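These notes concern the structure reproduced below.
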Amino acid sequence: MTSSALALPQAMPRSGWLAERMPLFVVVAILLVLWYLAAVLMNASLVRDGFRRADTKYSFTDLIAGTMEAARPVVPAPHQVAINFFDSVFDYPPDSPRSLAYHSWVTLSATVVGFAIGALFGIGLAVLIVHLRTLEKSLLPWVIFSQMVPILAIAPIIIVVLGAVGIHGLLPKSVISAYLCFFPVTIGMVKGLTSPDPIQLDLMRTWSASRLQVFCKLRWPSSIPFLFASLKVSVTISLVGAIVAELPTGAQAGIGSRLLTGSYYGQTVQIWSALVAAAIIATVLIGLIDAVGRLTARRMGAAA
Amino acid sequence: MIARPQAMGFWLAAAGLLAAPALRLSDQAATGLADRPAVLASLTAAAVALALAPFWPKLSPAFGLAGTVLGCAITLDLLADNAVAGHARWGYWLPVLATWLAAALTLTRLAAVSALDRAGQWMRDLAIPLLFGAFLIYLWEVAVRGFGVPPVLMPAPTSTARRFVESLPILGDDFVQTFVRSVLSGYVIGCGAGFAVAIVAYRYEFLRRGLLPLGNFVSALPIVGIAPIMVMWFGFDWPSKAAVVAVMCFFPMLVNTLAGLAVASPMERDLMRSYAAQPAQTLLKLHLPSALPFIFNALKINSTLALIGAIVAEFFGTPLHGIGFRISIEVARMSLDMVWAEIALAALAGMAFYGIVALAERVTTSWHPSYRN
């Protein structure tokens, strides 16, 4: 099957950092311009209604200015989102429920705990599947099947069931994250643990290595690149799981609850800045895993 | 004879079945196993089948299967007695554990069956996961009813199945709302748009170099979060769900198609040039076919993403039908059997969807090395 969606870097003329990234900046700039245009067009009727209701005369520039600072815009302008984001992160103490940093922290902790559980479970499952032929035949199809179940649909049940057993707070959310994010790890690790060539396995046999030794000295080291590749995928999924787990229960805190209250009270800008926070968390987590992966690869003697 | 540890396992399971009548069946005043002649007879038959299984390696899966199925039937039948269901003691759990052991060994033996023709292998590889799944459902049923777990926490599979059949009209309505309207339209729009943009970006190098890092970045973001925004823009009905699905499907499709369009080797490109092929011909005859595995990869990823997106978007507001809507209100009403019926529906739909995409992949990319053995 096709292995990865990531494209390999193309051979490009070496012409400096800026020139290489120029297309990206241009595309982002075009998107920003489109965003402002959309904000003007989509908010125009809202603002016009406001002026008409207040019976004030307005010029074209007033209208444009109005679309840029509407309190509940259909499309908030990028700078509105940015201002709201910085205000809600830095203007409140980090333990206040009005602070976005507080909500981000709640979601981040659930994400990290869920990610840890899911990754460990995924690795364990992969080790079992690689070593027991029966499990490979019987369990692996069900691991794949589990991803065709829209697992997020189970989120409310897991929270209700665990709540009835007396488990509240962080753990139910983490369980959902873990359930979602174990899959890429399992699949990646099964691939990674079976990646040694038959010739290498034969060499281990000529040394009469035990299964444990084969695992520690050959299978595990050669699966490390696969491990980090799949961890990067699963950490975002874990974040999605944590956010979605906050939706159906009407959680008091977290990015998901910010989205939900934002949608109840029409606070569009709040929704957008919560999304910005989620994007930043995802980027930072992926960056961290990438850095650890590189460091590990260097320590293991890979070509830097 | 089969391998010693496995043989011991089979005999242990048989002994467990035979020892059960000596133990207490229930903490209520229930008829003991010893006083139920039909149960006792089938218990013995199951034990005999399991005890004989190790002697003929070729037949051991058949004997093991017979013993396991009998064990399952007995334990399920006992649950019909209200004095047993919810009050089971070791006299009940010992046969369950023995059946579990027998099932595990049977699957192990089945997986070790070799020297089959192609059809036989195909049957075996299909039978093992199916039996495994069926046994998991059996364990779920037995655990829930044997321990008397309240249905508001975890309904038994049989009550979910009953609920499924009883509420087929509601389920059908939800299926049409969530799957046919939201998922399918959003999927087609999102994948189509991603594909079209990828083709344009393939044509213009500058755009490609700008879009690829951006697409990679965005497809790593939790895009479901845009659901409340889409509900605000497009209202409560299915267009808002389709919009979420479309945005979720767009980026994986864009990134994968771009990656796929880049895989053709310089040699193949040179060959097309030496044929004096037009750019459109090169695209149609070389780049698109070689991108197909990547495109199908995106289609498969998206088929699971799409269902998730539609269901999550329904948490933010829906008309009075849809899978996500039904799940959230039935959870609030504590009727979990209906929730599980909806989940089964979603799973079946998702599986069929994925299966169709995978089948289409097999048909159109049968030349790909991953299908050649």
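Residues in the structure tokens are named by chain (A, B, ... in the order shown) and by number from 1 within that chain; ligands are numbered from 1 in the order shown.
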Could you please select, counting only C-alpha atoms, the residues of chain B within 7 Å of chain A and state them as a count of residues only?
-> 38
Which one is closest to B:Ser303: B:Phe234, B:Val183, B:Ala291, B:Tyr275? Count only C-alpha atoms.
->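 Ranking B:Phe234, B:Val183, B:Ala291, B:Tyr275 by distance to B:Ser303, first place goes to B:Val183.
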Among the residues of stretch 110-176 of chain A, find those DSSP assigns to alpha helix (DSSP H) from the backbone and print them as a PyMOL selection string.
-> chain A and resi 110-131+133-138+140-146+155-165+170-176
Write to file, as a compact mmCIF listing (two decimals), in the first residue's frame, the residues of the selection just made, with N, CA and C atoms.
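Printed below is selection.txt as written:
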```txt
# COMPACT_ATOMS: atom_id res chain seq x y z
N ALA A 110 -5.20 16.78 29.10
CA ALA A 110 -5.95 15.58 28.68
C ALA A 110 -5.31 14.96 27.44
N THR A 111 -4.86 15.83 26.53
CA THR A 111 -4.24 15.33 25.31
C THR A 111 -2.98 14.53 25.62
N VAL A 112 -2.14 15.10 26.49
CA VAL A 112 -0.85 14.45 26.75
C VAL A 112 -1.05 13.12 27.48
N VAL A 113 -1.95 13.12 28.48
CA VAL A 113 -2.19 11.87 29.20
C VAL A 113 -2.77 10.82 28.25
N GLY A 114 -3.76 11.24 27.44
CA GLY A 114 -4.36 10.30 26.48
C GLY A 114 -3.35 9.80 25.48
N PHE A 115 -2.49 10.71 25.03
CA PHE A 115 -1.46 10.34 24.06
C PHE A 115 -0.50 9.32 24.66
N ALA A 116 -0.12 9.54 25.93
CA ALA A 116 0.80 8.60 26.58
C ALA A 116 0.15 7.21 26.68
N ILE A 117 -1.11 7.18 27.16
CA ILE A 117 -1.80 5.89 27.29
C ILE A 117 -1.92 5.22 25.92
N GLY A 118 -2.37 6.02 24.95
CA GLY A 118 -2.60 5.46 23.62
C GLY A 118 -1.32 4.94 22.99
N ALA A 119 -0.23 5.71 23.14
CA ALA A 119 1.03 5.31 22.52
C ALA A 119 1.54 4.02 23.16
N LEU A 120 1.49 3.95 24.51
CA LEU A 120 1.97 2.74 25.19
C LEU A 120 1.12 1.54 24.80
N PHE A 121 -0.20 1.74 24.79
CA PHE A 121 -1.10 0.66 24.41
C PHE A 121 -0.84 0.22 22.98
N GLY A 122 -0.66 1.21 22.10
CA GLY A 122 -0.42 0.90 20.70
C GLY A 122 0.87 0.11 20.51
N ILE A 123 1.92 0.52 21.23
CA ILE A 123 3.20 -0.19 21.11
C ILE A 123 3.04 -1.62 21.63
N GLY A 124 2.39 -1.75 22.81
CA GLY A 124 2.20 -3.08 23.38
C GLY A 124 1.45 -4.00 22.45
N LEU A 125 0.38 -3.46 21.86
CA LEU A 125 -0.42 -4.25 20.93
C LEU A 125 0.42 -4.69 19.74
N ALA A 126 1.23 -3.76 19.23
CA ALA A 126 2.06 -4.10 18.07
C ALA A 126 3.06 -5.19 18.42
N VAL A 127 3.65 -5.11 19.62
CA VAL A 127 4.62 -6.14 20.03
C VAL A 127 3.93 -7.50 20.08
N LEU A 128 2.72 -7.53 20.66
CA LEU A 128 1.98 -8.79 20.74
C LEU A 128 1.65 -9.31 19.34
N ILE A 129 1.19 -8.40 18.49
CA ILE A 129 0.77 -8.83 17.15
C ILE A 129 1.95 -9.39 16.38
N VAL A 130 3.12 -8.76 16.54
CA VAL A 130 4.28 -9.23 15.79
C VAL A 130 4.73 -10.61 16.28
N HIS A 131 4.54 -10.88 17.57
CA HIS A 131 5.07 -12.12 18.11
C HIS A 131 4.08 -13.27 18.13
N ARG A 133 1.27 -15.18 16.04
CA ARG A 133 0.67 -15.30 14.72
C ARG A 133 -0.85 -15.28 14.80
N THR A 134 -1.39 -15.91 15.85
CA THR A 134 -2.84 -15.95 15.99
C THR A 134 -3.41 -14.55 16.11
N LEU A 135 -2.72 -13.73 16.93
CA LEU A 135 -3.21 -12.37 17.13
C LEU A 135 -3.13 -11.57 15.84
N GLU A 136 -2.06 -11.81 15.07
CA GLU A 136 -1.94 -11.08 13.81
C GLU A 136 -3.15 -11.37 12.93
N LYS A 137 -3.54 -12.67 12.91
CA LYS A 137 -4.65 -13.04 12.04
C LYS A 137 -5.99 -12.60 12.61
N SER A 138 -6.13 -12.67 13.95
CA SER A 138 -7.46 -12.43 14.51
C SER A 138 -7.66 -10.99 14.95
N LEU A 140 -5.61 -8.06 14.23
CA LEU A 140 -5.28 -6.94 13.35
C LEU A 140 -6.47 -6.45 12.53
N PRO A 141 -7.28 -7.39 11.96
CA PRO A 141 -8.46 -6.90 11.23
C PRO A 141 -9.38 -6.07 12.10
N TRP A 142 -9.47 -6.42 13.38
CA TRP A 142 -10.37 -5.67 14.27
C TRP A 142 -9.78 -4.34 14.66
N VAL A 143 -8.45 -4.27 14.75
CA VAL A 143 -7.81 -2.98 15.01
C VAL A 143 -8.14 -2.02 13.87
N ILE A 144 -8.09 -2.56 12.64
CA ILE A 144 -8.42 -1.72 11.49
C ILE A 144 -9.90 -1.37 11.50
N PHE A 145 -10.73 -2.37 11.83
CA PHE A 145 -12.17 -2.13 11.89
C PHE A 145 -12.50 -1.04 12.90
N SER A 146 -11.77 -1.03 14.03
CA SER A 146 -12.08 -0.07 15.09
C SER A 146 -12.00 1.36 14.59
N ALA A 155 -17.76 8.80 22.44
CA ALA A 155 -17.28 9.71 23.48
C ALA A 155 -18.30 9.96 24.59
N PRO A 156 -19.55 10.35 24.25
CA PRO A 156 -20.48 10.60 25.34
C PRO A 156 -20.68 9.38 26.22
N ILE A 157 -20.73 8.18 25.61
CA ILE A 157 -20.96 6.97 26.41
C ILE A 157 -19.82 6.75 27.37
N ILE A 158 -18.59 6.86 26.86
CA ILE A 158 -17.44 6.59 27.73
C ILE A 158 -17.47 7.55 28.91
N ILE A 159 -17.80 8.80 28.65
CA ILE A 159 -17.81 9.77 29.74
C ILE A 159 -18.92 9.44 30.73
N VAL A 160 -20.10 9.06 30.21
CA VAL A 160 -21.20 8.72 31.12
C VAL A 160 -20.86 7.47 31.93
N VAL A 161 -20.34 6.43 31.25
CA VAL A 161 -20.05 5.18 31.94
C VAL A 161 -18.97 5.39 33.00
N LEU A 162 -17.87 6.04 32.60
CA LEU A 162 -16.80 6.25 33.57
C LEU A 162 -17.27 7.17 34.70
N GLY A 163 -18.13 8.13 34.37
CA GLY A 163 -18.66 9.00 35.41
C GLY A 163 -19.49 8.22 36.41
N ALA A 164 -20.26 7.24 35.91
CA ALA A 164 -21.09 6.43 36.81
C ALA A 164 -20.23 5.56 37.70
N VAL A 165 -19.06 5.14 37.20
CA VAL A 165 -18.17 4.31 38.01
C VAL A 165 -17.41 5.19 39.00
N LEU A 170 -10.15 14.46 34.23
CA LEU A 170 -9.19 14.32 33.14
C LEU A 170 -9.30 12.97 32.44
N LEU A 171 -9.45 11.91 33.25
CA LEU A 171 -9.25 10.57 32.71
C LEU A 171 -10.24 10.17 31.62
N PRO A 172 -11.56 10.42 31.76
CA PRO A 172 -12.46 10.01 30.67
C PRO A 172 -12.07 10.63 29.34
N LYS A 173 -11.69 11.92 29.37
CA LYS A 173 -11.26 12.56 28.13
C LYS A 173 -10.02 11.88 27.57
N SER A 174 -9.10 11.55 28.48
CA SER A 174 -7.86 10.93 28.02
C SER A 174 -8.13 9.56 27.43
N VAL A 175 -9.12 8.84 28.00
CA VAL A 175 -9.45 7.52 27.46
C VAL A 175 -9.89 7.65 26.01
N ILE A 176 -10.71 8.68 25.74
CA ILE A 176 -11.16 8.87 24.36
C ILE A 176 -9.99 9.21 23.46
```
Measuring atom to atom with only C-alpha atoms, identify which of B:Met267, B:Ala358, B:Ala352, B:Met334 is nearest to B:Pro151.
->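 Checking each of B:Met267, B:Ala358, B:Ala352, B:Met334 against B:Pro151, counting only C-alpha atoms, the winner is B:Met334.
Computed from the coordinates, the atom CA of A:Val292 to atom CA of A:Phe228 distance equals 8.5 Å.
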Find the distance between atom CA of B:Ala51 and atom CA of B:Pro21 and write it in Å to one decimal.
-> 17.6 Å
